[in-house]
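start20.pdb follows (PDB, C-alpha atoms):
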ATOM      1  CA  MET I   1    -108.359 -57.885 110.472
ATOM      2  CA  LYS I   2    -108.218 -59.490 107.124
ATOM      3  CA  SER I   3    -110.462 -62.530 107.033
ATOM      4  CA  LEU I   4    -108.787 -65.821 106.171
ATOM      5  CA  VAL I   5    -111.827 -66.946 104.308
ATOM      6  CA  ASN I   6    -114.429 -64.609 102.889
ATOM      7  CA  ILE I   7    -117.166 -66.987 102.035
ATOM      8  CA  ILE I   8    -120.460 -65.439 102.769
ATOM      9  CA  CYS I   9    -121.888 -62.942 100.344
ATOM     10  CA  CYS I  10    -125.433 -63.877 101.277
ATOM     11  CA  ILE I  11    -127.612 -62.695 104.069
ATOM     12  CA  VAL I  12    -126.246 -61.439 107.280
ATOM     13  CA  ALA I  13    -128.396 -59.940 109.970
ATOM     14  CA  ILE I  14    -128.469 -58.555 113.565
ATOM     15  CA  SER I  15    -130.905 -57.818 116.445
ATOM     16  CA  PHE I  16    -133.567 -55.397 117.668
ATOM     17  CA  PHE I  17    -132.265 -51.998 118.727
ATOM     18  CA  MET I  18    -133.042 -50.653 122.180
ATOM     19  CA  SER I  19    -132.714 -46.917 122.535
ATOM     20  CA  CYS I  20    -132.376 -44.874 125.689
ATOM     21  CA  LYS I  21    -135.496 -43.473 127.274
ATOM     22  CA  LYS I  22    -136.154 -39.943 126.197
ATOM     23  CA  GLY I  23    -134.395 -37.516 128.472
ATOM     24  CA  SER I  24    -132.326 -40.172 130.242
ATOM     25  CA  THR I  25    -128.563 -39.872 130.737
ATOM     26  CA  PRO I  26    -126.513 -42.444 128.748
ATOM     27  CA  ALA I  27    -124.643 -44.943 130.895
ATOM     28  CA  PRO I  28    -120.866 -45.181 130.327
ATOM     29  CA  VAL I  29    -119.461 -48.479 129.076
ATOM     30  CA  VAL I  30    -116.515 -49.435 131.279
ATOM     31  CA  PRO I  31    -114.105 -51.886 129.578
ATOM     32  CA  THR I  32    -113.020 -54.642 131.972
ATOM     33  CA  PRO I  33    -110.667 -57.581 131.405
ATOM     34  CA  GLY I  34    -113.348 -59.991 132.614
ATOM     35  CA  ASN I  35    -113.276 -62.957 134.941
ATOM     36  CA  LYS I  36    -110.371 -64.866 133.361
ATOM     37  CA  ALA I  37    -107.578 -62.255 133.391
ATOM     38  CA  THR I  38    -104.183 -63.978 133.378
ATOM     39  CA  GLY I  39    -101.613 -61.177 133.567
ATOM     40  CA  CYS I  40    -100.371 -62.053 130.067
ATOM     41  CA  LEU I  41    -100.528 -59.928 126.917
ATOM     42  CA  ILE I  42    -100.410 -61.476 123.468
ATOM     43  CA  THR I  43     -97.353 -60.348 121.473
ATOM     44  CA  LYS I  44     -97.477 -62.516 118.333
ATOM     45  CA  SER I  45     -99.934 -64.796 116.556
ATOM     46  CA  SER I  46    -100.191 -66.659 113.282
ATOM     47  CA  THR I  47    -103.197 -68.117 111.495
ATOM     48  CA  ALA I  48    -101.733 -69.653 108.346
ATOM     49  CA  PRO I  49     -98.280 -70.691 107.105
ATOM     50  CA  THR I  50     -97.340 -67.151 106.014
ATOM     51  CA  THR I  51     -99.855 -65.005 107.925
ATOM     52  CA  ARG I  52     -98.690 -63.547 111.218
ATOM     53  CA  TYR I  53     -99.400 -60.566 113.454
ATOM     54  CA  GLU I  54     -97.298 -58.616 115.948
ATOM     55  CA  TYR I  55     -98.927 -56.627 118.788
ATOM     56  CA  ASN I  56     -97.397 -53.544 120.418
ATOM     57  CA  TYR I  57     -98.264 -51.887 123.735
ATOM     58  CA  THR I  58     -97.671 -48.729 125.745
ATOM     59  CA  ASN I  59     -98.407 -48.962 129.491
ATOM     60  CA  ASN I  60    -100.225 -52.264 128.874
ATOM     61  CA  LYS I  61    -102.568 -50.694 126.299
ATOM     62  CA  MET I  62    -102.407 -52.109 122.784
ATOM     63  CA  THR I  63    -101.312 -49.319 120.453
ATOM     64  CA  SER I  64    -100.613 -51.025 117.120
ATOM     65  CA  ILE I  65    -100.737 -54.280 115.159
ATOM     66  CA  VAL I  66     -98.551 -55.193 112.197
ATOM     67  CA  GLY I  67     -99.620 -58.052 109.919
ATOM     68  CA  TYR I  68     -97.616 -60.070 107.401
ATOM     69  CA  TYR I  69     -99.403 -61.990 104.641
ATOM     70  CA  THR I  70     -96.165 -63.024 102.945
ATOM     71  CA  LEU I  71     -92.945 -64.153 104.565
ATOM     72  CA  LEU I  72     -91.120 -60.809 104.424
ATOM     73  CA  PHE I  73     -93.216 -57.683 104.002
ATOM     74  CA  PRO I  74     -96.029 -56.256 106.169
ATOM     75  CA  GLU I  75     -99.369 -55.694 104.416
ATOM     76  CA  PHE I  76    -101.533 -54.805 107.408
ATOM     77  CA  TRP I  77    -101.169 -51.953 109.914
ATOM     78  CA  SER I  78    -103.588 -51.122 112.699
ATOM     79  CA  THR I  79    -103.107 -48.048 114.894
ATOM     80  CA  ILE I  80    -105.212 -47.660 118.035
ATOM     81  CA  ASN I  81    -105.713 -44.083 119.240
ATOM     82  CA  TYR I  82    -106.894 -43.306 122.772
ATOM     83  CA  THR I  83    -108.626 -40.288 124.264
ATOM     84  CA  SER I  84    -107.183 -38.344 127.197
ATOM     85  CA  ALA I  85    -109.548 -40.334 129.425
ATOM     86  CA  GLY I  86    -107.979 -43.610 128.247
ATOM     87  CA  ALA I  87    -110.859 -44.843 126.077
ATOM     88  CA  ILE I  88    -110.436 -45.796 122.427
ATOM     89  CA  GLY I  89    -111.051 -42.781 120.218
ATOM     90  CA  SER I  90    -110.416 -44.347 116.829
ATOM     91  CA  VAL I  91    -108.753 -47.283 115.096
ATOM     92  CA  VAL I  92    -107.060 -46.971 111.706
ATOM     93  CA  GLN I  93    -106.433 -50.106 109.632
ATOM     94  CA  GLU I  94    -104.357 -50.052 106.455
ATOM     95  CA  ILE I  95    -104.396 -53.086 104.164
ATOM     96  CA  GLY I  96    -102.325 -53.635 101.019
ATOM     97  CA  SER I  97     -99.086 -52.378  99.480
ATOM     98  CA  LYS I  98     -97.454 -49.324 101.048
ATOM     99  CA  SER I  99     -94.624 -47.455  99.339
ATOM    100  CA  GLU I 100     -93.811 -44.097  97.779
ATOM    101  CA  PHE I 101     -95.788 -45.250  94.726
ATOM    102  CA  TYR I 102     -98.731 -47.136  96.264
ATOM    103  CA  ARG I 103    -101.155 -46.294  99.042
ATOM    104  CA  PRO I 104    -102.931 -49.079 100.967
ATOM    105  CA  ASP I 105    -106.686 -49.111 101.521
ATOM    106  CA  SER I 106    -107.392 -47.329 104.790
ATOM    107  CA  TYR I 107    -110.308 -47.971 107.153
ATOM    108  CA  THR I 108    -110.965 -45.682 110.109
ATOM    109  CA  TYR I 109    -113.587 -46.489 112.670
ATOM    110  CA  ASN I 110    -114.605 -43.995 115.291
ATOM    111  CA  PHE I 111    -116.849 -43.864 118.326
ATOM    112  CA  PRO I 112    -118.264 -40.335 117.916
ATOM    113  CA  ASN I 113    -120.464 -40.481 121.033
ATOM    114  CA  GLY I 114    -117.764 -42.090 123.159
ATOM    115  CA  PHE I 115    -118.253 -45.247 125.165
ATOM    116  CA  PHE I 116    -121.804 -44.557 126.256
ATOM    117  CA  ASN I 117    -124.729 -46.925 126.030
ATOM    118  CA  PRO I 118    -126.069 -47.048 123.349
ATOM    119  CA  MET I 119    -122.845 -46.617 121.372
ATOM    120  CA  VAL I 120    -122.293 -45.485 117.797
ATOM    121  CA  GLU I 121    -119.465 -46.851 115.637
ATOM    122  CA  THR I 122    -118.738 -45.513 112.150
ATOM    123  CA  THR I 123    -116.376 -46.864 109.480
ATOM    124  CA  THR I 124    -114.833 -44.716 106.747
ATOM    125  CA  HIS I 125    -112.919 -46.271 103.843
ATOM    126  CA  VAL I 126    -110.288 -44.382 101.844
ATOM    127  CA  THR I 127    -109.421 -46.333  98.706
ATOM    128  CA  GLY I 128    -105.850 -47.331  97.971
ATOM    129  CA  GLY I 129    -103.947 -47.704  94.712
ATOM    130  CA  ALA I 130    -101.279 -46.009  92.667
ATOM    131  CA  ILE I 131    -100.578 -42.566  94.119
ATOM    132  CA  LYS I 132     -99.958 -41.048  90.674
ATOM    133  CA  ASP I 133    -103.497 -42.031  89.598
ATOM    134  CA  ASN I 134    -105.305 -40.900  92.750
ATOM    135  CA  PRO I 135    -103.056 -39.033  95.201
ATOM    136  CA  VAL I 136    -105.516 -38.882  98.110
ATOM    137  CA  GLY I 137    -107.937 -41.756  97.429
ATOM    138  CA  THR I 138    -111.726 -41.802  97.412
ATOM    139  CA  VAL I 139    -113.581 -41.464 100.726
ATOM    140  CA  ILE I 140    -116.476 -43.891 101.285
ATOM    141  CA  ASN I 141    -118.763 -43.851 104.321
ATOM    142  CA  GLN I 142    -118.800 -47.615 104.610
ATOM    143  CA  ALA I 143    -120.769 -48.439 107.737
ATOM    144  CA  LYS I 144    -122.575 -47.028 110.736
ATOM    145  CA  TYR I 145    -123.475 -49.208 113.696
ATOM    146  CA  ASN I 146    -125.841 -48.534 116.579
ATOM    147  CA  ILE I 147    -124.691 -50.735 119.463
ATOM    148  CA  VAL I 148    -126.501 -51.621 122.682
ATOM    149  CA  ILE I 149    -124.366 -52.868 125.565
ATOM    150  CA  GLY I 150    -125.955 -55.594 127.679
ATOM    151  CA  ASP I 151    -125.664 -56.656 131.308
ATOM    152  CA  GLN I 152    -122.188 -58.176 130.961
ATOM    153  CA  ASN I 153    -120.683 -55.000 129.467
ATOM    154  CA  ARG I 154    -120.799 -56.724 126.090
ATOM    155  CA  PRO I 155    -122.690 -55.781 122.920
ATOM    156  CA  SER I 156    -126.069 -57.489 122.808
ATOM    157  CA  TYR I 157    -127.501 -55.724 119.765
ATOM    158  CA  ILE I 158    -125.944 -54.096 116.709
ATOM    159  CA  LYS I 159    -127.770 -52.450 113.817
ATOM    160  CA  GLU I 160    -125.972 -51.568 110.594
ATOM    161  CA  VAL I 161    -127.808 -48.396 109.630
ATOM    162  CA  TYR I 162    -126.871 -48.155 105.937
ATOM    163  CA  LYS I 163    -127.759 -51.767 105.113
ATOM    164  CA  ASP I 164    -130.638 -51.980 107.604
ATOM    165  CA  ILE I 165    -129.438 -55.244 109.132
ATOM    166  CA  GLU I 166    -129.849 -56.297 112.751
ATOM    167  CA  MET I 167    -127.569 -58.511 114.822
ATOM    168  CA  LYS I 168    -128.422 -60.069 118.178
ATOM    169  CA  ILE I 169    -125.806 -61.591 120.460
ATOM    170  CA  TYR I 170    -126.589 -64.001 123.304
ATOM    171  CA  TYR I 171    -124.186 -64.972 126.095
ATOM    172  CA  ASP I 172    -123.972 -67.717 128.669
ATOM    173  CA  ASP I 173    -123.117 -67.124 132.333
ATOM    174  CA  LYS I 174    -119.410 -67.647 131.536
ATOM    175  CA  PHE I 175    -119.234 -64.516 129.364
ATOM    176  CA  ASN I 176    -119.158 -66.434 126.056
ATOM    177  CA  ALA I 177    -121.210 -65.545 122.964
ATOM    178  CA  THR I 178    -123.099 -68.784 122.363
ATOM    179  CA  GLN I 179    -125.532 -67.542 119.689
ATOM    180  CA  VAL I 180    -125.536 -64.739 117.134
ATOM    181  CA  THR I 181    -128.350 -63.976 114.686
ATOM    182  CA  TYR I 182    -128.389 -61.704 111.649
ATOM    183  CA  GLU I 183    -131.569 -60.551 109.941
ATOM    184  CA  PRO I 184    -132.194 -57.909 107.239
ATOM    185  CA  LEU I 185    -135.069 -55.540 107.936
ATOM    186  CA  THR I 186    -135.688 -54.699 104.275
ATOM    187  CA  GLY I 187    -135.089 -56.365 100.907
ATOM    188  CA  VAL I 188    -134.773 -60.153 100.572
ATOM    189  CA  ARG I 189    -135.724 -61.594 103.931
ATOM    190  CA  GLY I 190    -133.922 -64.407 105.638
ATOM    191  CA  LYS I 191    -131.898 -65.207 108.712
ATOM    192  CA  THR I 192    -128.405 -66.314 109.626
ATOM    193  CA  THR I 193    -127.903 -68.101 112.940
ATOM    194  CA  ILE I 194    -124.524 -68.908 114.474
ATOM    195  CA  VAL I 195    -124.204 -71.271 117.444
ATOM    196  CA  ALA I 196    -120.887 -71.778 119.265
ATOM    197  CA  THR I 197    -119.453 -73.919 122.075
ATOM    198  CA  TYR I 198    -116.338 -73.137 124.127
ATOM    199  CA  ASP I 199    -113.639 -74.656 126.285
ATOM    200  CA  ASP I 200    -113.166 -73.553 129.905
ATOM    201  CA  LYS I 201    -109.849 -71.739 129.311
ATOM    202  CA  PRO I 202    -109.104 -68.009 128.776
ATOM    203  CA  ASN I 203    -108.654 -66.968 125.153
ATOM    204  CA  ALA I 204    -105.500 -65.300 123.831
ATOM    205  CA  TYR I 205    -106.946 -61.758 124.036
ATOM    206  CA  VAL I 206    -108.652 -61.971 127.417
ATOM    207  CA  ASP I 207    -106.262 -59.418 128.977
ATOM    208  CA  VAL I 208    -106.894 -56.906 126.179
ATOM    209  CA  PRO I 209    -110.223 -55.498 127.461
ATOM    210  CA  ASP I 210    -110.924 -53.393 124.350
ATOM    211  CA  TRP I 211    -110.094 -56.168 121.883
ATOM    212  CA  LYS I 212    -113.567 -56.367 120.347
ATOM    213  CA  TRP I 213    -113.448 -52.632 119.503
ATOM    214  CA  ILE I 214    -109.875 -52.899 118.205
ATOM    215  CA  VAL I 215    -110.435 -55.833 115.855
ATOM    216  CA  MET I 216    -114.083 -55.679 114.752
ATOM    217  CA  MET I 217    -114.249 -53.268 111.812
ATOM    218  CA  ASP I 218    -116.933 -55.240 109.958
ATOM    219  CA  TRP I 219    -119.636 -56.711 112.181
ATOM    220  CA  MET I 220    -121.774 -57.776 109.211
ATOM    221  CA  ASN I 221    -119.328 -59.980 107.286
ATOM    222  CA  PRO I 222    -116.640 -60.978 109.771
ATOM    223  CA  ASP I 223    -114.184 -63.778 110.267
ATOM    224  CA  TYR I 224    -116.462 -65.736 112.615
ATOM    225  CA  VAL I 225    -113.654 -67.258 114.696
ATOM    226  CA  VAL I 226    -112.148 -63.796 115.258
ATOM    227  CA  MET I 227    -115.521 -62.260 116.107
ATOM    228  CA  LEU I 228    -116.635 -64.927 118.586
ATOM    229  CA  THR I 229    -113.240 -64.932 120.291
ATOM    230  CA  ALA I 230    -113.357 -61.131 120.596
ATOM    231  CA  LEU I 231    -116.837 -61.233 122.128
ATOM    232  CA  SER I 232    -116.038 -64.019 124.582
ATOM    233  CA  GLN I 233    -113.801 -65.007 127.477
ATOM    234  CA  SER I 234    -112.952 -68.542 126.343
ATOM    235  CA  ASN I 235    -111.880 -70.266 123.114
ATOM    236  CA  PRO I 236    -114.501 -71.445 120.593
ATOM    237  CA  LEU I 237    -114.464 -75.209 119.994
ATOM    238  CA  THR I 238    -117.296 -75.518 117.492
ATOM    239  CA  ILE I 239    -119.076 -72.934 115.366
ATOM    240  CA  SER I 240    -122.134 -73.774 113.249
ATOM    241  CA  LEU I 241    -123.685 -71.278 110.860
ATOM    242  CA  ILE I 242    -126.953 -71.750 108.999
ATOM    243  CA  SER I 243    -128.149 -69.093 106.542
ATOM    244  CA  THR I 244    -131.613 -69.241 104.978
ATOM    245  CA  THR I 245    -133.546 -67.044 102.563
ATOM    246  CA  VAL I 246    -137.195 -66.928 101.534
ATOM    247  CA  LEU I 247    -136.408 -66.982  97.804
ATOM    248  CA  PRO I 248    -138.085 -69.862  95.904
ATOM    249  CA  GLY I 249    -135.707 -72.756  95.355
ATOM    250  CA  SER I 250    -133.093 -71.395  97.722
ATOM    251  CA  VAL I 251    -130.907 -73.835  99.650
ATOM    252  CA  ASP I 252    -129.697 -73.315 103.211
ATOM    253  CA  TYR I 253    -126.033 -72.379 103.465
ATOM    254  CA  VAL I 254    -124.271 -74.306 106.242
ATOM    255  CA  LEU I 255    -120.778 -73.571 107.546
ATOM    256  CA  ASN I 256    -119.037 -75.492 110.332
ATOM    257  CA  TYR I 257    -115.799 -74.984 112.255
ATOM    258  CA  LYS I 258    -114.094 -77.411 114.635
ATOM    259  CA  ILE I 259    -111.133 -76.079 116.620
ATOM    260  CA  THR I 260    -108.647 -77.786 118.943
ATOM    261  CA  TYR I 261    -105.957 -76.168 121.108
ATOM    262  CA  THR I 262    -102.843 -76.803 123.152
ATOM    263  CA  TYR I 263    -102.333 -74.613 126.231
ATOM    264  CA  ASN I 264     -99.608 -73.166 128.448
ATOM    265  CA  ASP I 265     -99.503 -73.408 132.239
ATOM    266  CA  LYS I 266    -101.884 -70.441 132.557
ATOM    267  CA  GLY I 267    -104.458 -72.123 130.338
ATOM    268  CA  LEU I 268    -103.862 -69.757 127.410
ATOM    269  CA  PRO I 269    -103.804 -71.273 123.912
ATOM    270  CA  LEU I 270    -100.356 -71.910 122.426
ATOM    271  CA  THR I 271    -101.500 -73.572 119.193
ATOM    272  CA  SER I 272    -104.808 -74.126 117.424
ATOM    273  CA  SER I 273    -106.012 -76.312 114.578
ATOM    274  CA  THR I 274    -109.161 -75.217 112.723
ATOM    275  CA  THR I 275    -111.157 -77.351 110.288
ATOM    276  CA  MET I 276    -113.793 -75.557 108.213
ATOM    277  CA  THR I 277    -116.419 -77.223 106.020
ATOM    278  CA  GLN I 278    -119.236 -75.663 103.998
ATOM    279  CA  SER I 279    -122.309 -77.237 102.492
ATOM    280  CA  THR I 280    -122.022 -75.596  99.060
ATOM    281  CA  SER I 281    -118.429 -76.625  98.411
ATOM    282  CA  ASN I 282    -117.163 -79.765  96.672
ATOM    283  CA  TYR I 283    -113.679 -79.172  98.063
ATOM    284  CA  ALA I 284    -112.125 -81.020 100.968
ATOM    285  CA  PRO I 285    -112.383 -79.355 104.385
ATOM    286  CA  TYR I 286    -110.093 -76.353 104.810
ATOM    287  CA  VAL I 287    -107.620 -76.851 107.676
ATOM    288  CA  TYR I 288    -105.290 -74.200 109.078
ATOM    289  CA  GLN I 289    -103.027 -73.914 112.120
ATOM    290  CA  GLY I 290    -102.556 -71.068 114.584
ATOM    291  CA  THR I 291     -99.879 -70.110 117.110
ATOM    292  CA  PHE I 292     -99.819 -67.601 120.000
ATOM    293  CA  GLN I 293     -97.023 -65.959 122.012
ATOM    294  CA  TYR I 294     -97.284 -63.835 125.170
ATOM    295  CA  THR I 295     -95.422 -61.693 127.652
ATOM    296  CA  CYS I 296     -96.486 -62.248 131.256
ATOM    297  CA  LYS I 297     -96.066 -60.280 134.456
TER     298      LYS I 297
END

Kindly present the structure from the file in structure tokens form.
Amino acid sequence: MKSLVNIICCIVAISFFMSCKKGSTPAPVVPTPGNKATGCLITKSSTAPTTRYEYNYTNNKMTSIVGYYTLLFPEFWSTINYTSAGAIGSVVQEIGSKSEFYRPDSYTYNFPNGFFNPMVETTTHVTGGAIKDNPVGTVINQAKYNIVIGDQNRPSYIKEVYKDIEMKIYYDDKFNATQVTYEPLTGVRGKTTIVATYDDKPNAYVDVPDWKWIVMMDWMNPDYVVMLTALSQSNPLTISLISTTVLPGSVDYVLNYKITYTYNDKGLPLTSSTTMTQSTSNYAPYVYQGTFQYTCK
């Protein structure tokens, strides 16, 4: 989903890749709602004054998302396609203007080996623009991820093959991603470390067991609040990011989030307030509000 703030163009990195033993049978990854299931499905959310999303379901499986970045017209469409076995087969995201004259940018990510451990996720980008100039768009193989699923049925390692970057994810015993590290394996060396704390309540997407595969198109340069929420059971309260490089004269990049919530009687967030500060900016902290709506059994 479109990031509210796209601030990091520097180093991003991820963790060591564990492959299956030669000749062994891959283990299937079984999506589960986790230990905080509430019986409620999110139907609407907003993350800025004019940014809102609507979520649609068939038989309790999320099938599409429509996003509005202005007050009136949608500019984001996500379609989730399932296999006959009920697993996610592909997700298609379209971002931008859509009309008889303009085609939005389209991103398709697939799981060509299915939900087996280790997993493979690929992202293909078809460029948008004026249809008269480029009727079908240009196809770009944007990303390929090798993903290892850990003990809690959650990704513990992701390697972006094209960029040669590793990502490691560490969880606490409450199913929350408390630390994420990124590290390039070639080129300019450095490391990005993210540390997060959480409340003890279920997050808005806890009853959407495949949410991390639905929303996470770009593991290497994500919206960090979205990513940590998708990986976890609870709501992030603080997020601290420190990015360092080995270049002479380089300065650490530091990014901090503080988030507060109000909750409904099931403990799910109804509103959020996020304050973001960054070390390299002379601007005042960036503050934005969020809202969440649900349908419950």

- Message: Show me, as number ranges by chain, the residues that have an atom within 10 Å of segment 94-107 of chain I when counting only C-alpha atoms, minus same-chain residues fewer than 2 positions from it.
- Response: I: 1-2, 66-67, 69, 73-79, 91-92, 109, 123-142, 217

- Message: Set the distance at 10 Å and use all atoms listed in the file: which residues neighbour Ile239 of chain I once local chain neighbours fewer than 6 positions away are removed? I'd like the list as a PyMOL selection string.
- Response: chain I and resi 178-179+194-198+224-225+228+255-259+276

- Task: Find the residue from I:Ile214, I:Leu231, I:Ala85, I:Val208 that sits nearest to Ile149 of chain I; use all atoms listed in the file when measuring.
- Result: I:Leu231

- Work out how far apart atom CA of Asp207 of chain I and atom CA of Phe175 of chain I are and give it in Å to one decimal. 13.9 Å

Write out, as a Markdown table, each residue of segment 225-271 of chain I that has an atom at most 9 Å from segment 36-42 of chain I, together with the closest pair of atoms and their distance in Å to one decimal, counting all atoms listed in the file, rows going by chain and rising number.
| residue | atom | partner | partner_atom | distance |
| --- | --- | --- | --- | --- |
| I:Gln233 | CA | I:Lys36 | CA | 6.8 |
| I:Ser234 | CA | I:Lys36 | CA | 8.3 |
| I:Lys266 | CA | I:Thr38 | CA | 6.9 |
| I:Gly267 | CA | I:Thr38 | CA | 8.7 |
| I:Leu268 | CA | I:Thr38 | CA | 8.3 |

- Neighbours of point (-110.3, -53.8, 123.2) within 12 Å, using only C-alpha atoms, written as a PyMOL selection string: chain I and resi 30-34+60-64+80-82+86-91+115+154+205-216+229-232

- Query: Any idea what the distance is between atom CA of Leu247 of chain I and atom CA of Leu185 of chain I?
  - Reply: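 Atom-to-atom, atom CA of Leu247 of chain I to atom CA of Leu185 of chain I, that is 15.3 Å.
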
- Task: Write out as a PyMOL selection string the residues lying within 8 Å of Val254 of chain I, counting all atoms listed in the file and excluding same-chain residues fewer than 3 positions away.
- Result: chain I and resi 240-243+278-280

- Task: In Å, rounded to a single decimal, give me how far atom CA of Ile65 of chain I is from atom CA of Asp200 of chain I.
- Result: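 The value is 27.3 Å.
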
- Message: Can you pull out the residues contacting Pro112 of chain I? Cut-off 8 Å, using all atoms listed in the file, and skip same-chain residues under 4 positions away; I want them as a list in words.
- Response: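 Using all atoms listed in the file, the neighbours found are Gly89, Val120, Glu121 and Thr122 of chain I.
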
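When all atoms listed in the file are used to compute distances to Tyr263 of chain I, the closest of the residues I:Val287, I:Asp199, I:Thr238, I:Ser281 turns out to be I:Asp199.
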
- Task: Tell me which of I:Gly290, I:Leu237, I:Tyr171, I:Thr181 sits closest to Thr51 of chain I, counting all atoms listed in the file.
- Result: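 Nearest candidate to Thr51 of chain I out of I:Gly290, I:Leu237, I:Tyr171, I:Thr181: I:Gly290.
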
- Selection near Thr43 of chain I, 6 Å with only C-alpha atoms, sequence-local residues under 3 positions removed, as a ChimeraX atom specification: /I:54-55,293-294

- Pick from I:Gln289, I:Ser156, I:Thr186, I:Thr295: nearest to Asn117 of chain I, with all atoms listed in the file counted? I:Ser156

Exercise on segment 105-113 of chain I, axis-aligned box with 6 Å per side, report centre and edge lengths in Å to one decimal, as lines of an AutoDock Vina configuration file:
center_x = -113.6
center_y = -44.7
center_z = 111.3
size_x = 25.8
size_y = 20.8
size_z = 31.5

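Proximity to Cys296 of chain I was assessed for I:Ser46, I:Thr277, I:Asn264, I:Asn282 counting only C-alpha atoms; the smallest distance is recorded for I:Asn264.
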